[in-house]
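Trainee: My structure is below; once you've seen it, I'll send some questions.
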Amino acid sequence: MAFPIDTDLGIRWLLAAAGQAPSVHNTQPWRFRIAGKSIELLADPDRRLRRADPRGRSLRVSCGAALFNLRLAIRVAGFQPLTWLLPDPRADPQLLAIVHMPAFGQPSSTEQELFANIGTRRTNREPFDERRVPPWVLADLRIAASREGANLVPLGGFGSTDLLDYVAMAEEELGRDHDYLAELRAWTMTGTHSDGMPSYVLGPRLAGDPAVVRDFGTHPDRPAARFEHHPQIAVLTTPGDRPADWLRAGQALQRVLLLASAHGVSASFLNQPLDLRDMRHRTDPRHRRGHAQMIIRLGYGPSVPRAPRRPPAELLTGPATRRPSGRTRHERNRSL
């Protein structure tokens, strides 16, 4: 069996899969480096949101999602990924993970199904219909999150209402922060940045309550629409709130989103309260179900186009200069 990174075509195939992960404001803040028989995942500091993400939490969640796609592509290529998270944080803080491929192994049908949904998964900011996501699907999504060391907490009616109130208050406060708005505009305004998202990806403007999508007020030409009256909200949490936890949250998020896509369930995000918390340099108070890392809206929405993506060649950076020591703490992912 051909080793995935022995050819340019194999490398491009792996990076194309990894690069289709979701990321905050479509920043796609990841790079990759070939190191012998391994692939290294690095943060791209030029794509960090300096104002909205001073801790680098959202960047690492985004990179964790790309890491999951990379692991999944390696499995579908017929190898077992062996992953080190944050192998050398002091000497190389941009190096987020190293993925080895030490052994052959045929992918399971579940892994093949998840991989098939990498290209079809979308962040859907359109109105959802009023159908409820069935309990058995939510149970599947919760199991998916737990496989990556995270917890998915679906909220009931009262919990969703209270959280949406917090989202609306956070949106209002963020709307008074000129630096935040300038950064948001730089990454989402069509024609402002090479990765600016076209208005059809941002979805329509909100008409009425509840606030279930970001305002993206820099695009006033978008049509207005009314959204579902009773949105289904889930919160992705992790036991800790440190960089390694953020990477695990990203991997859990992508596993959940790919499985949701396989079930025909759409998703978008309502992370304004988390942005505001990070901007205030506050850590999340420990809840009995963990630290909140993502706020997810789930439901059934229309088909939407994909946001623009960086080409695989742009994701590849120069050769590695160091390898992890034998003392490095690692996580072994024998099976996805």
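Here's how to read the names in the structure tokens: chain A, B, ... by the order shown, residue numbers from 1 in each chain, ligand numbers from 1 in the order shown.
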How would you write, as a list in words, the set of residues in segment 28-105 of chain A that DSSP gives as strand (DSSP E or B)?

Mentor: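 Filtering segment 28-105 of chain A down to strand (DSSP E or B) leaves Trp30, Arg31, Phe32, Arg33, Ile34, Ala35, Ser38, Ile39, Glu40, Leu41, Leu42, Ala43, Phe79, Gln80, Pro81, Leu82, Thr83, Trp84, Leu85, Leu95, Leu96, Ala97, Ile98, Val99, His100, Met101, Pro102, Ala103 and Phe104 of chain A.
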
Trainee: Could you list, as a ChimeraX atom specification, every residue within 8 Å of segment 243-257 of chain A, counting only C-alpha atoms and ignoring same-chain residues fewer than 6 positions away?

Mentor: /A:21-22,57-58,60-69,85-86,114,121,141-142,144-150,236-237,267,293

Trainee: Of the residues A:Ala43, A:Ile118, A:Leu49, A:Val24, which is the one nearest to Glu183 of chain A, using only C-alpha atoms?

Mentor: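 Of A:Ala43, A:Ile118, A:Leu49, A:Val24, the one nearest Glu183 of chain A, counting only C-alpha atoms, is A:Leu49.
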
Trainee: When distances are computed from only C-alpha atoms, which of A:His100, A:Arg75, A:Arg306, A:His229 shows the smallest separation from Ile34 of chain A?

Mentor: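 For Ile34 of chain A, the nearest of the candidates is A:His100.
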
Trainee: Using only C-alpha atoms, which protein or nucleic acid residues come within 12 Å of Gln94 of chain A? Drop anything in the same chain fewer than 5 positions from it, and give the result as a list in words.

Mentor: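 Near neighbours after the sequence-gap exclusion: Pro29, Trp30, Arg31, Phe32, Arg33, Glu40, Leu41, Leu42, Ala43, Asp44, Pro45, Asp46, Arg48, Gly56, Leu59, Arg60, Cys63, Leu85, Leu86, Pro87, Asp88, Pro89 and Pro243 of chain A.
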
Trainee: Between A:Ser38, A:Gln28, A:Ser261, A:Thr317, which has the minimum distance to Trp84 of chain A (counting only C-alpha atoms)?

Mentor: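 The shortest atom-to-atom distance to Trp84 of chain A comes from A:Ser38.
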
Trainee: Do a neighbour search on segment 165-175 of chain A at 12 Å with only C-alpha atoms, toss out local chain neighbours closer than 3 positions, and write the hits as a ChimeraX atom specification.

Mentor: /A:51-52,158-162,178-185,206,208-218,233,269-280,295-297

Trainee: Could you please determine the separation between atom CA of Ala73 of chain A and atom CA of Lys37 of chain A in Å, to one decimal place?

Mentor: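 Atom-to-atom, atom CA of Ala73 of chain A to atom CA of Lys37 of chain A, that is 15.2 Å.
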
Trainee: With distances taken over only C-alpha atoms, which residue among A:Leu82, A:Leu70, A:Leu152, A:Leu9 lies nearest His291 of chain A?

Mentor: A:Leu152

Trainee: Using Å and a single decimal, report how far atom CA of Glu126 of chain A sits from atom CA of Pro302 of chain A.

Mentor: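 Separating atom CA of Pro302 of chain A from atom CA of Glu126 of chain A is a distance of 7.1 Å.
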
Trainee: Between atom CA of Ala207 of chain A and atom CA of Leu155 of chain A, what is the spacing in Å?

Mentor: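 Atom-to-atom, atom CA of Leu155 of chain A to atom CA of Ala207 of chain A, that is 23.5 Å.
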
Trainee: In segment 267-305 of chain A, what's helix (DSSP H, G or I) per DSSP? Answer as a list of chain:residue names?

Mentor: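 Secondary structure check on segment 267-305 of chain A, helix (DSSP H, G or I): A:Gln272, A:Pro273, A:Leu274, A:Asp275, A:Leu276, A:Arg277, A:Asp278, A:Met279.
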
Trainee: Of the residues A:Leu14, A:Ala234, A:Ala260, A:Ile5, which is the one nearest to Val137 of chain A, using only C-alpha atoms?

Mentor: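 Nearest to Val137 of chain A: A:Ala260.
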
Trainee: So that I can see what lies close to Phe115 of chain A, please list as a count of residues only the residues with an atom at most 9 Å from it, counting only C-alpha atoms and leaving out residues fewer than 5 positions away in the same chain.

Mentor: 7

Trainee: A:Pro305, A:Gly240, A:Gly119, A:Gly10: which is nearest Leu202 of chain A, counting only C-alpha atoms?

Mentor: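 The closest residue to Leu202 of chain A is A:Pro305.
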
Trainee: Find the residues around Pro312 of chain A up to 8 Å (only C-alpha atoms counted), leave out those fewer than 4 positions away in its own chain, and share them as an mmCIF file with C-alpha atoms, in the first residue's frame.

Mentor:
```cif
data_model
loop_
_atom_site.group_PDB
_atom_site.id
_atom_site.type_symbol
_atom_site.label_atom_id
_atom_site.label_comp_id
_atom_site.auth_asym_id
_atom_site.auth_seq_id
_atom_site.Cartn_x
_atom_site.Cartn_y
_atom_site.Cartn_z
ATOM 1 C CA ARG A 12 -2.334 17.181 -1.612
ATOM 2 C CA LEU A 15 -4.204 18.461 2.994
ATOM 3 C CA ALA A 16 -7.316 18.983 0.875
ATOM 4 C CA GLY A 19 -8.367 22.089 4.893
ATOM 5 C CA LEU A 316 2.261 23.306 3.151
#
```
